[in-house]
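Pasted below: start.cif, mmCIF, C-alpha atoms.
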```cif
data_query
loop_
_atom_site.label_atom_id
_atom_site.label_comp_id
_atom_site.auth_asym_id
_atom_site.auth_seq_id
_atom_site.Cartn_x
_atom_site.Cartn_y
_atom_site.Cartn_z
CA MET A 1 0.00 0.00 0.00
CA ASN A 2 1.50 3.32 -1.10
CA ARG A 3 1.73 6.01 1.52
CA PRO A 4 1.28 9.68 0.57
CA PRO A 5 4.54 11.62 0.62
CA GLN A 6 5.16 13.36 3.92
CA LYS A 7 5.61 17.09 3.97
CA ASN A 8 8.91 18.49 5.18
CA HIS A 9 7.71 20.73 8.00
CA SER A 10 11.15 22.27 8.56
CA LEU A 11 11.30 23.44 4.94
CA GLY A 12 7.75 24.77 5.24
CA LEU A 13 8.65 26.72 8.37
CA THR A 14 11.82 28.09 6.76
CA ARG A 15 9.87 29.16 3.70
CA ASP A 16 7.26 30.91 5.87
CA VAL A 17 9.91 32.71 7.91
CA LEU A 18 11.72 33.93 4.80
CA HIS A 19 8.44 35.04 3.22
CA LYS A 20 7.25 36.94 6.31
CA THR A 21 10.67 38.52 6.76
CA GLY A 22 10.52 39.72 3.17
CA LEU A 23 7.09 41.23 3.81
CA TRP A 24 8.37 43.00 6.93
CA ILE A 25 11.32 44.47 5.02
CA ARG A 26 8.99 45.53 2.20
CA ALA A 27 6.71 47.28 4.70
CA LEU A 28 9.71 49.21 6.03
CA ALA A 29 10.58 50.30 2.51
CA LEU A 30 7.04 51.29 1.52
CA ASP A 31 5.85 53.22 4.58
CA ARG A 32 8.11 55.74 6.29
CA PHE A 33 5.75 56.03 9.26
CA TYR A 34 6.23 52.32 9.93
CA LEU A 35 9.96 52.63 9.23
CA PHE A 36 10.56 55.25 11.93
CA GLY A 37 8.36 53.37 14.39
CA GLU A 38 10.33 50.19 13.86
CA ILE A 39 13.62 52.09 14.14
CA GLY A 40 12.46 53.13 17.61
CA ASN A 41 11.43 49.57 18.47
CA LEU A 42 14.79 48.17 17.37
CA MET A 43 16.71 50.90 19.19
CA TYR A 44 14.84 50.04 22.38
CA THR A 45 15.44 46.30 21.90
CA VAL A 46 19.18 46.82 21.39
CA GLY A 47 19.59 49.37 24.18
CA ASN A 48 17.46 47.61 26.79
CA SER A 49 18.99 44.19 26.08
CA ILE A 50 22.61 45.29 26.45
CA LEU A 51 21.73 47.47 29.45
CA GLU A 52 20.03 44.58 31.26
CA GLY A 53 22.82 42.20 30.28
CA ALA A 54 25.40 44.52 31.82
CA VAL A 55 23.53 45.77 34.88
CA LEU A 56 21.26 42.98 36.14
CA TYR A 57 24.01 40.38 36.54
CA THR A 58 26.34 42.75 38.35
CA MET A 59 23.58 44.39 40.39
CA PHE A 60 22.22 41.09 41.72
CA SER A 61 25.78 39.96 42.52
CA MET A 62 26.28 43.16 44.53
CA ALA A 63 22.87 42.79 46.16
CA GLU A 64 23.71 39.21 47.21
CA ASP A 65 27.32 39.67 48.35
CA GLU A 66 27.30 43.15 49.89
CA TYR A 67 23.75 44.15 50.77
CA ARG A 68 21.99 40.78 51.28
CA VAL A 69 18.85 41.93 49.49
CA ALA A 70 19.02 39.83 46.31
CA ALA A 71 16.07 37.72 47.48
CA VAL A 72 14.04 40.84 48.18
CA LEU A 73 14.75 42.13 44.66
CA GLY A 74 13.74 38.80 43.15
CA VAL A 75 10.47 38.66 45.08
CA LEU A 76 9.82 42.32 44.27
CA THR A 77 10.18 41.61 40.56
CA LYS A 78 7.91 38.57 40.79
CA TYR A 79 5.03 40.25 42.59
CA ILE A 80 5.15 43.90 41.56
CA TYR A 81 5.04 43.36 37.80
CA PRO A 82 1.47 41.94 37.68
CA GLY A 83 0.24 45.02 39.53
CA ILE A 84 2.06 47.32 37.11
CA THR A 85 0.58 45.42 34.17
CA PHE A 86 -2.94 45.56 35.62
CA VAL A 87 -2.94 49.32 36.28
CA SER A 88 -1.18 50.22 33.02
CA SER A 89 -3.44 48.05 30.83
CA VAL A 90 -6.58 49.53 32.40
CA LYS A 91 -5.37 53.11 31.92
CA VAL A 92 -4.24 52.65 28.33
CA SER A 93 -7.42 50.72 27.43
CA VAL A 94 -9.52 53.67 28.62
CA PHE A 95 -7.35 55.95 26.48
CA VAL A 96 -7.71 53.78 23.37
CA ASP A 97 -11.48 53.48 23.87
CA TYR A 98 -11.64 57.26 24.02
CA LEU A 99 -9.63 57.55 20.81
CA GLU A 100 -11.90 55.15 18.98
CA SER A 101 -14.85 57.39 19.84
CA LEU A 102 -13.23 60.15 17.77
CA CYS A 103 -14.14 60.31 14.10
CA ASP A 104 -11.10 62.24 12.86
CA GLN A 105 -8.29 59.78 12.16
CA GLN A 106 -5.68 62.54 12.07
CA VAL A 107 -6.64 63.59 15.61
CA GLN A 108 -6.33 59.96 16.71
CA LEU A 109 -2.83 59.73 15.24
CA THR A 110 -1.74 63.01 16.84
CA LYS A 111 -2.89 61.90 20.29
CA LEU A 112 -1.26 58.49 19.86
CA ILE A 113 2.04 60.10 18.87
CA ARG A 114 1.89 62.31 21.98
CA ALA A 115 1.22 59.21 24.07
CA LEU A 116 4.24 57.51 22.46
CA ALA A 117 6.41 60.49 23.44
CA LEU A 118 5.21 60.14 27.06
CA ILE A 119 5.99 56.44 26.90
CA GLY A 120 9.48 57.31 25.66
CA GLY A 121 9.90 59.54 28.70
CA GLY A 122 8.88 56.68 31.01
CA GLN A 123 11.34 54.30 29.39
CA ALA A 124 14.09 56.91 29.58
CA LEU A 125 13.47 57.31 33.34
CA GLY A 126 13.47 53.54 33.73
CA ALA A 127 16.84 53.31 31.97
CA VAL A 128 18.34 55.97 34.25
CA MET A 129 17.06 54.15 37.35
CA LEU A 130 18.62 50.90 36.16
CA VAL A 131 21.98 52.55 35.41
CA LEU A 132 21.99 53.99 38.94
CA CYS A 133 21.91 50.36 40.15
CA TYR A 134 25.15 49.55 38.28
CA PRO A 135 27.63 48.68 41.08
CA PRO A 136 30.40 51.24 40.34
CA PHE A 137 27.78 53.95 39.93
CA PHE A 138 25.70 52.92 42.94
CA SER A 139 28.68 52.42 45.26
CA GLY A 140 30.19 55.74 44.27
CA LEU A 141 26.97 57.70 44.76
CA PHE A 142 25.21 55.90 47.59
CA GLY A 143 27.63 53.36 49.09
CA SER A 144 28.36 55.48 52.14
CA PHE A 145 24.70 55.93 53.07
CA ALA A 146 23.48 54.02 56.12
CA TYR A 147 20.35 52.82 54.33
CA SER A 148 21.90 52.26 50.91
CA LYS A 149 20.43 48.75 50.59
CA TYR A 150 16.93 50.18 50.85
CA LEU A 151 17.84 52.76 48.25
CA LEU A 152 18.93 49.95 45.90
CA ILE A 153 15.52 48.31 46.36
CA LEU A 154 13.77 51.64 45.72
CA LEU A 155 15.75 52.36 42.54
CA TYR A 156 15.03 48.90 41.17
CA LEU A 157 11.36 49.29 42.04
CA LEU A 158 11.22 52.67 40.28
CA HIS A 159 12.90 51.12 37.25
CA HIS A 160 10.15 48.52 37.02
CA VAL A 161 7.39 51.06 37.59
CA CYS A 162 8.68 53.44 34.90
CA ASP A 163 9.87 50.94 32.30
CA GLY A 164 7.28 48.23 32.97
CA SER A 165 4.26 50.52 32.77
CA ALA A 166 5.73 52.21 29.67
CA GLN A 167 6.20 48.84 27.94
CA VAL A 168 2.61 47.79 28.62
CA ALA A 169 1.26 51.09 27.32
CA GLU A 170 3.64 51.10 24.34
CA GLY A 171 2.45 47.71 23.15
CA ARG A 172 -1.16 48.90 22.89
CA VAL A 173 -0.38 52.37 21.56
CA TRP A 174 1.99 51.04 18.88
CA PHE A 175 -0.54 48.40 17.82
CA LYS A 176 -3.23 51.05 17.47
CA LEU A 177 -0.88 53.24 15.42
CA ILE A 178 0.00 50.52 12.93
CA GLU A 179 -3.61 49.34 12.83
CA ILE A 180 -4.59 52.79 11.56
CA LYS A 181 -1.59 53.32 9.27
CA ILE A 182 -0.91 49.77 8.07
CA ARG A 183 -3.92 47.51 8.57
CA TYR A 184 -6.44 50.07 7.32
CA GLY A 185 -3.98 51.95 5.12
CA ARG A 186 -4.02 52.44 1.39
CA LEU A 187 -1.14 50.12 0.46
CA ARG A 188 -2.74 46.74 -0.13
CA GLN A 189 0.59 44.88 -0.30
CA ILE A 190 1.07 45.87 3.37
CA SER A 191 -2.48 45.86 4.70
CA ASP A 192 -3.28 42.43 3.27
CA ASN A 193 -0.34 40.95 5.20
CA PHE A 194 -0.74 42.95 8.41
CA TRP A 195 -0.66 40.05 10.88
CA GLY A 196 2.32 38.37 9.23
CA ILE A 197 4.28 41.63 9.26
CA HIS A 198 3.34 42.33 12.89
CA ALA A 199 4.34 38.82 13.99
CA MET A 200 7.67 38.99 12.17
CA SER A 201 8.44 42.33 13.78
CA HIS A 202 8.01 40.71 17.22
CA ASN A 203 10.14 37.73 16.17
CA VAL A 204 12.99 39.92 14.92
CA GLN A 205 12.98 41.89 18.18
CA LEU A 206 12.81 38.68 20.24
CA ILE A 207 15.79 37.05 18.53
CA LEU A 208 17.82 40.26 18.49
CA GLY A 209 17.05 40.97 22.15
CA LEU A 210 17.95 37.47 23.37
CA THR A 211 21.19 37.43 21.35
CA LEU A 212 22.33 40.77 22.74
CA LEU A 213 21.19 39.96 26.28
CA TRP A 214 23.18 36.72 26.45
CA GLY A 215 26.13 38.21 24.57
CA THR A 216 26.35 41.19 26.92
CA THR A 217 25.95 38.95 29.97
CA LEU A 218 28.89 36.87 28.73
CA VAL A 219 31.06 39.94 28.25
CA THR A 220 30.03 41.23 31.69
CA GLY A 221 31.05 37.90 33.22
CA LEU A 222 34.51 38.26 31.68
CA PHE A 223 34.84 41.76 33.19
CA ARG A 224 33.25 40.86 36.52
CA ASP A 225 36.29 42.04 38.49
CA GLN A 226 36.86 45.09 36.26
CA LEU A 227 33.48 46.83 36.18
CA GLN A 228 35.22 50.22 35.95
CA HIS A 229 36.79 49.17 32.64
CA GLY A 230 36.07 51.38 29.65
CA VAL A 231 34.42 48.47 27.81
CA MET A 232 31.83 48.09 30.55
CA TRP A 233 31.15 51.80 30.83
CA GLY A 234 30.79 51.95 27.04
CA ILE A 235 28.22 49.12 27.11
CA VAL A 236 26.24 50.58 30.00
CA MET A 237 26.14 54.16 28.72
CA SER A 238 25.38 53.22 25.11
CA GLY A 239 22.56 50.98 26.36
CA MET A 240 21.13 53.80 28.44
CA VAL A 241 21.32 56.33 25.58
CA LEU A 242 19.70 53.99 23.04
CA THR A 243 16.92 53.03 25.47
CA ALA A 244 16.28 56.64 26.47
CA MET A 245 16.10 57.91 22.88
CA ALA A 246 14.34 54.96 21.25
CA LYS A 247 10.66 55.81 21.43
CA PHE A 248 11.22 59.45 20.49
CA ALA A 249 12.20 58.39 16.95
CA LEU A 250 8.65 58.32 15.57
CA PRO A 251 7.36 61.44 17.43
CA LEU A 252 10.38 63.40 16.17
CA ALA A 253 9.94 62.16 12.60
CA TRP A 254 6.21 63.02 12.84
CA LYS A 255 7.01 66.50 14.13
CA LEU A 256 9.49 67.12 11.30
CA LYS A 257 7.03 65.62 8.77
CA TRP A 258 9.52 62.94 7.73
CA THR A 259 6.75 60.33 7.86
CA GLU A 260 4.65 61.94 5.15
CA PRO A 261 4.70 60.17 1.79
CA LYS A 262 6.62 61.84 -0.99
CA ALA A 263 4.55 63.78 -3.50
CA PRO A 264 4.46 62.10 -6.94
CA GLN A 265 6.71 63.78 -9.48
#
```
Please express the file's structure as structure tokens.
Amino acid sequence: MNRPPQKNHSLGLTRDVLHKTGLWIRALALDRFYLFGEIGNLMYTVGNSILEGAVLYTMFSMAEDEYRVAAVLGVLTKYIYPGITFVSSVKVSVFVDYLESLCDQQVQLTKLIRALALIGGGQALGAVMLVLCYPPFFSGLFGSFAYSKYLLILLYLLHHVCDGSAQVAEGRVWFKLIEIKIRYGRLRQISDNFWGIHAMSHNVQLILGLTLLWGTTLVTGLFRDQLQHGVMWGIVMSGMVLTAMAKFALPLAWKLKWTEPKAPQ
């Protein structure tokens, strides 16, 4: 009895990934609004990944060896983030519901861009709070304080409040922006493949972020006893700058009208 030929699922997956990646790249080339938004997303992914790779490992080592509060920081992260997500999602959902009650799409876009700028400010503050937890920085600024271990907990908490709430809000605001500009836009080659493009964007950021996170953690491990080294300061400061500037890319391009399509010649 002849069996039907089996499909090669790995080849099918590879073909799908290549196809969706091509669609994502094409969307970047066709729509400058989407291009600047994705530049901001990638800047944040790069900056935040290398910043966390450099700071978290060293900060938790310091918290465990010197201040004995590593367990407190771990528990804080575990239990505070759901609360941040709950409050942020409720607030941003109310905002999006309000926007959808407006008939003027241009007004919707303007308000969403302003919200994205506020989100960028929150992520910038979160990056600063995390850098302040970097052992050479923290020890130099706060090491002599009697209650420095509580200050470390507070800084890490503020980092999660600022960055965590901004990330939750950013996910919904960015989706609403591309839903208006891409999903319901005029370019059919983009709008007809909206979900594939959106999924591939997340996948690119996921792979890039994990690669940089593990790579930076490895480098940090090699410099564990030389945290004042120029290489480490270069990693930490470049991560902070990229994270702080990332989500201002689209609002700035919008303000300067770089996102408007070129007039036909």
Worksheet item: Could you spell out the hits of the PyMOL selection byres ((chain A and resi 48-52) around 9) on the shown file, as a ChimeraX atom specification?
Response: /A:43-47,53-57,127,130-131,208-217,235-240,242-243
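Using all atoms listed in the file for every distance, the candidate list A:Ile197, A:Ala166, A:Leu35, A:Ala115 yields A:Ala115 as the residue closest to Leu99 in chain A.
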Fill in: Residues matched by the PyMOL selection byres ((chain A and resi 169) around 12), written as a VMD selection string
chain A and resid 84 to 96 112 115 to 120 122 to 123 161 to 168 170 to 176
Worksheet item: CA of Ala199 in chain A and CA of Pro251 in chain A are how many Å apart?
Response: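 For CA of Ala199 in chain A relative to CA of Pro251 in chain A, the distance reads 23.1 Å.
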Worksheet item: What residues come out when you apply the PyMOL selection byres ((chain A and resi 33) around 9) to this file, written as a PyMOL selection string?
Response: chain A and resi 28+31-32+34-38+178+181+250+253-254+258-261
Practice prompt. List the neighbours of Gly196 in chain A out to 9 Å using only C-alpha atoms; skip same-chain residues closer than 4 positions along the sequence, and give me the result as number ranges by chain.
Written response: A: 20-21, 23-24, 200-201
Residues from the last selection, C-alpha atoms, saved as a PDB file, in the coordinates of the input:
```pdb
ATOM      1  CA  LYS A  20       7.250  36.940   6.310  1.00  0.00           C
ATOM      2  CA  THR A  21      10.670  38.520   6.760  1.00  0.00           C
ATOM      3  CA  LEU A  23       7.090  41.230   3.810  1.00  0.00           C
ATOM      4  CA  TRP A  24       8.370  43.000   6.930  1.00  0.00           C
ATOM      5  CA  MET A 200       7.670  38.990  12.170  1.00  0.00           C
ATOM      6  CA  SER A 201       8.440  42.330  13.780  1.00  0.00           C
TER       7      SER A 201
END
```
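Each of A:Tyr67, A:Gln226, A:Ala244, A:Leu30 was compared to Arg186 in chain A using only C-alpha atoms, and A:Leu30 turns out to be the nearest.
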Discussion item. Every residue with an atom at most 12 Å from (18.6, 42.8, 49.9) (file coordinates; only C-alpha atoms) is what I'm after, so could you write them as an NGL selection string?
Written reply: :A and (59-76 or 147-154 or 156)
Calculate, to one decimal in Å, the centre and edge lengths of the box along x, y and z of the file that holds all listed atoms of range 251-257 of chain A with 8 Å of margin on each side, and present them as JSON.
```
{"center_x": 8.3, "center_y": 64.3, "center_z": 13.1, "size_x": 20.2, "size_y": 21.7, "size_z": 24.7}
```
Generate the missing atoms of range 73-92 of chain A up to N, CA, C and O atoms and report them as a PDB file, in the frame of the given file.
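And here is the file that came out, out35.pdb:
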```pdb
ATOM      1  N   LEU A  73      14.882  41.627  46.020  1.00  0.00           N
ATOM      2  CA  LEU A  73      14.750  42.130  44.660  1.00  0.00           C
ATOM      3  C   LEU A  73      14.054  41.116  43.759  1.00  0.00           C
ATOM      4  O   LEU A  73      13.238  41.482  42.914  1.00  0.00           O
ATOM      5  N   GLY A  74      14.386  39.837  43.953  1.00  0.00           N
ATOM      6  CA  GLY A  74      13.740  38.800  43.150  1.00  0.00           C
ATOM      7  C   GLY A  74      12.253  38.700  43.433  1.00  0.00           C
ATOM      8  O   GLY A  74      11.443  38.612  42.507  1.00  0.00           O
ATOM      9  N   VAL A  75      11.890  38.718  44.698  1.00  0.00           N
ATOM     10  CA  VAL A  75      10.470  38.660  45.080  1.00  0.00           C
ATOM     11  C   VAL A  75       9.743  39.910  44.600  1.00  0.00           C
ATOM     12  O   VAL A  75       8.602  39.848  44.128  1.00  0.00           O
ATOM     13  N   LEU A  76      10.409  41.053  44.719  1.00  0.00           N
ATOM     14  CA  LEU A  76       9.820  42.320  44.270  1.00  0.00           C
ATOM     15  C   LEU A  76       9.472  42.255  42.788  1.00  0.00           C
ATOM     16  O   LEU A  76       8.377  42.650  42.368  1.00  0.00           O
ATOM     17  N   THR A  77      10.417  41.738  42.004  1.00  0.00           N
ATOM     18  CA  THR A  77      10.180  41.610  40.560  1.00  0.00           C
ATOM     19  C   THR A  77       9.015  40.678  40.276  1.00  0.00           C
ATOM     20  O   THR A  77       8.185  40.949  39.406  1.00  0.00           O
ATOM     21  N   LYS A  78       8.942  39.584  41.025  1.00  0.00           N
ATOM     22  CA  LYS A  78       7.910  38.570  40.790  1.00  0.00           C
ATOM     23  C   LYS A  78       6.512  39.105  41.066  1.00  0.00           C
ATOM     24  O   LYS A  78       5.568  38.836  40.309  1.00  0.00           O
ATOM     25  N   TYR A  79       6.362  39.889  42.136  1.00  0.00           N
ATOM     26  CA  TYR A  79       5.030  40.250  42.590  1.00  0.00           C
ATOM     27  C   TYR A  79       4.594  41.663  42.206  1.00  0.00           C
ATOM     28  O   TYR A  79       3.399  41.960  42.220  1.00  0.00           O
ATOM     29  N   ILE A  80       5.549  42.540  41.890  1.00  0.00           N
ATOM     30  CA  ILE A  80       5.150  43.900  41.560  1.00  0.00           C
ATOM     31  C   ILE A  80       4.736  44.033  40.105  1.00  0.00           C
ATOM     32  O   ILE A  80       3.891  44.871  39.758  1.00  0.00           O
ATOM     33  N   TYR A  81       5.309  43.191  39.221  1.00  0.00           N
ATOM     34  CA  TYR A  81       5.040  43.360  37.800  1.00  0.00           C
ATOM     35  C   TYR A  81       3.574  43.105  37.421  1.00  0.00           C
ATOM     36  O   TYR A  81       3.021  43.850  36.596  1.00  0.00           O
ATOM     37  N   PRO A  82       2.900  42.096  37.994  1.00  0.00           N
ATOM     38  CA  PRO A  82       1.470  41.940  37.680  1.00  0.00           C
ATOM     39  C   PRO A  82       0.644  43.168  38.026  1.00  0.00           C
ATOM     40  O   PRO A  82      -0.283  43.539  37.293  1.00  0.00           O
ATOM     41  N   GLY A  83       0.971  43.811  39.163  1.00  0.00           N
ATOM     42  CA  GLY A  83       0.240  45.020  39.530  1.00  0.00           C
ATOM     43  C   GLY A  83       0.479  46.154  38.548  1.00  0.00           C
ATOM     44  O   GLY A  83      -0.450  46.884  38.180  1.00  0.00           O
ATOM     45  N   ILE A  84       1.730  46.297  38.102  1.00  0.00           N
ATOM     46  CA  ILE A  84       2.060  47.320  37.110  1.00  0.00           C
ATOM     47  C   ILE A  84       1.303  47.049  35.818  1.00  0.00           C
ATOM     48  O   ILE A  84       0.735  47.962  35.209  1.00  0.00           O
ATOM     49  N   THR A  85       1.280  45.797  35.407  1.00  0.00           N
ATOM     50  CA  THR A  85       0.580  45.420  34.170  1.00  0.00           C
ATOM     51  C   THR A  85      -0.910  45.708  34.277  1.00  0.00           C
ATOM     52  O   THR A  85      -1.524  46.241  33.336  1.00  0.00           O
ATOM     53  N   PHE A  86      -1.501  45.357  35.413  1.00  0.00           N
ATOM     54  CA  PHE A  86      -2.940  45.560  35.620  1.00  0.00           C
ATOM     55  C   PHE A  86      -3.303  47.041  35.500  1.00  0.00           C
ATOM     56  O   PHE A  86      -4.202  47.425  34.735  1.00  0.00           O
ATOM     57  N   VAL A  87      -2.618  47.888  36.272  1.00  0.00           N
ATOM     58  CA  VAL A  87      -2.940  49.320  36.280  1.00  0.00           C
ATOM     59  C   VAL A  87      -2.688  49.938  34.907  1.00  0.00           C
ATOM     60  O   VAL A  87      -3.527  50.698  34.386  1.00  0.00           O
ATOM     61  N   SER A  88      -1.543  49.616  34.305  1.00  0.00           N
ATOM     62  CA  SER A  88      -1.180  50.220  33.020  1.00  0.00           C
ATOM     63  C   SER A  88      -2.155  49.809  31.915  1.00  0.00           C
ATOM     64  O   SER A  88      -2.553  50.636  31.090  1.00  0.00           O
ATOM     65  N   SER A  89      -2.537  48.530  31.887  1.00  0.00           N
ATOM     66  CA  SER A  89      -3.440  48.050  30.830  1.00  0.00           C
ATOM     67  C   SER A  89      -4.819  48.691  30.963  1.00  0.00           C
ATOM     68  O   SER A  89      -5.460  49.013  29.954  1.00  0.00           O
ATOM     69  N   VAL A  90      -5.279  48.878  32.208  1.00  0.00           N
ATOM     70  CA  VAL A  90      -6.580  49.530  32.400  1.00  0.00           C
ATOM     71  C   VAL A  90      -6.533  50.966  31.916  1.00  0.00           C
ATOM     72  O   VAL A  90      -7.418  51.432  31.181  1.00  0.00           O
ATOM     73  N   LYS A  91      -5.496  51.708  32.299  1.00  0.00           N
ATOM     74  CA  LYS A  91      -5.370  53.110  31.920  1.00  0.00           C
ATOM     75  C   LYS A  91      -5.272  53.278  30.402  1.00  0.00           C
ATOM     76  O   LYS A  91      -5.952  54.123  29.800  1.00  0.00           O
ATOM     77  N   VAL A  92      -4.431  52.479  29.764  1.00  0.00           N
ATOM     78  CA  VAL A  92      -4.240  52.650  28.330  1.00  0.00           C
ATOM     79  C   VAL A  92      -5.468  52.164  27.553  1.00  0.00           C
ATOM     80  O   VAL A  92      -5.791  52.698  26.479  1.00  0.00           O
TER      81      VAL A  92
END
```
